[in-house]
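This report refers to the structure that appears directly beneath it.
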Amino acid sequence: MHQLIDTALGTLMSPMVLFFVLGLLAASLRSDLAIPEPIGKGLSLYLMLAIGFRGGVELTHGHALGASILWACLAAVALSLALPVLGYLLLRSVTKLDPTNAAAVAAHYGSVSVVTFAAAMTLLEQRGIPFEAYVVALLALMEAPAIISGLFLSKKGRDPVSGEVDAGHLPMREVLLSGSVVLLLGSFAIGFATGERGMADLAPIVDAPFKGALCLFLLDMGLLTARRASELKGIGFRVAAFGLYMPLVGAAFGLLAAKLLGLSVGGATLLTVLAASASYIVVPAAMRNALPAANPALYLTLSLGITFPFNLVVGIPLYEAAAEIVIVDDDAQLASAHSFTSFKEER
């Protein structure tokens, strides 16, 4: 408990969370503070590029290559496919949400939040906790399967009037070539191909400005979250509660997978964060095209208005504390885990 409190206080007093809170306060007080939308999109692209590139460079150090990466990738895809199914069943049985909206919401909870992952990764760096570099690749792998799972779940729903299946369409090419997936995997591959030479060239871009860009993006997220708060009134208590307990359900499965994979505490924390997070960028865009009958205000309010701030303020320290309890780092794990912080110290 003492460890959890210390971790929670450390997270709450980190610049990332404080800038998010600043955005919440500014919007709540009706300040005219605003981040132009093109800048917000640019920051999102920058974070994905920097995370992917740095992860690729880390992998060139040769840590934990081979079968461990393959099993981790398979586990990540399995989580991304399975969590929407579980979320769908909970939404249908507990909240009585209609099949189309239940499928659209559930897809968000099998996918991931890049910003939540970046915040967790930065916190681990600050605390000097190493993690497996290839976990960054899992971030990209967990985008598409959740969308596919959600769209297949939508086929279970029937229109109450016509009785016809509301299947939407399955934009496989659009999913696999989604901008975030392409940028994450592409920058990861470039980082791996160029290694330390590439990092030396791009360090002033992908290294030094990273934390500042993350703080600015979280300020924007705080503003956006507070300005969408009015939408919480119309979704009902049971649906709103889903945005709080589903991350915990996903985290439990993520931590179990990390334990079975033999990840370090840092790697387990990040995989748990991935399993607990919900997408509010990629999946909403896919659902808008594939399931136009679903209500965007519903899934955006849950993922961005409830789950994102919960994970940022409460979830990350909770998941790290849980990983500290469940995972016992041995010499092999510590040798395979390698943080970006230690890499920068070596340079």
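Following the order of the structure tokens, first chain is A, next is B, and so on, with residues numbered from 1 inside each chain and ligands from 1 in the order they appear.
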Extract, using only C-alpha atoms, all DNA, RNA and protein residues at most 8 Å from Ser149 (chain A), discarding same-chain residues fewer than 4 positions from it, and format them as a PyMOL selection string.
chain A and resi 81-82+84-85+107+145+153
Pull the closest atom pair for each residue of region 82-135 of chain A that gets at most 12 Å from region 11-22 of chain A, along with the distance in Å to one decimal, counting only C-alpha atoms, ordering rows by chain and then ascending residue number, as a tab-separated table.
residue	atom	partner	partner_atom	distance
A:Val115	CA	A:Met16	CA	10.2
A:Thr116	CA	A:Met16	CA	10.3
A:Ala118	CA	A:Met16	CA	9.9
A:Ala119	CA	A:Met16	CA	7.0
A:Ala120	CA	A:Thr11	CA	9.2
A:Met121	CA	A:Met16	CA	11.6
A:Thr122	CA	A:Met16	CA	9.0
A:Leu123	CA	A:Thr11	CA	7.3
A:Leu124	CA	A:Thr11	CA	10.3
A:Gln126	CA	A:Ser14	CA	9.5
A:Arg127	CA	A:Thr11	CA	10.4
Store the residues of this selection in a file with C-alpha atoms, as a PDB file, in the first residue's frame.
ATOM      1  CA  VAL A 115      -0.645   8.900 -25.190  1.00  0.00           C
ATOM      2  CA  THR A 116      -1.402   6.697 -22.168  1.00  0.00           C
ATOM      3  CA  ALA A 118       3.774   7.382 -23.700  1.00  0.00           C
ATOM      4  CA  ALA A 119       2.913   8.697 -20.234  1.00  0.00           C
ATOM      5  CA  ALA A 120       3.574   5.271 -18.670  1.00  0.00           C
ATOM      6  CA  MET A 121       6.834   4.899 -20.568  1.00  0.00           C
ATOM      7  CA  THR A 122       7.986   8.355 -19.442  1.00  0.00           C
ATOM      8  CA  LEU A 123       7.122   7.537 -15.836  1.00  0.00           C
ATOM      9  CA  LEU A 124       9.194   4.344 -15.990  1.00  0.00           C
ATOM     10  CA  GLN A 126      11.878   8.837 -14.587  1.00  0.00           C
ATOM     11  CA  ARG A 127      11.867   6.045 -12.010  1.00  0.00           C
TER      12      ARG A 127
END
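Closest to Arg30 (chain A) among A:Leu74, A:Leu83, A:Ala106, A:Leu223 is A:Leu223, based on only C-alpha atoms.
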Hey, what does DSSP flag as helix (DSSP H, G or I) within region 38-198 of chain A? Can you give it to me as an NGL selection string?
:A and (38-59 or 67-95 or 99-108 or 114-127 or 135-141 or 144-154 or 172-176 or 179-198)
Counting only C-alpha atoms, what is within 10 Å of Gly179 (chain A), bar same-chain residues fewer than 6 positions away, as a VMD selection string?
chain A and resid 45 48 282
Residue contacts of Leu298 (chain A) (8 Å, only C-alpha atoms) excluding same-chain residues fewer than 5 positions away, as a short mmCIF file (atom, residue, chain, number, x, y, z; two decimals) with N, CA and C atoms, in the first residue's frame:
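around-v2.cif, freshly written:
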data_model
loop_
_atom_site.label_atom_id
_atom_site.label_comp_id
_atom_site.auth_asym_id
_atom_site.auth_seq_id
_atom_site.Cartn_x
_atom_site.Cartn_y
_atom_site.Cartn_z
N ASN A 101 -24.04 -0.31 -30.99
CA ASN A 101 -23.25 0.56 -30.13
C ASN A 101 -22.34 -0.24 -29.21
N VAL A 105 -18.32 0.38 -29.10
CA VAL A 105 -17.64 0.73 -27.85
C VAL A 105 -16.59 -0.32 -27.50
N ILE A 235 -25.44 9.42 -20.87
CA ILE A 235 -25.10 8.04 -21.19
C ILE A 235 -25.52 7.04 -20.12
#
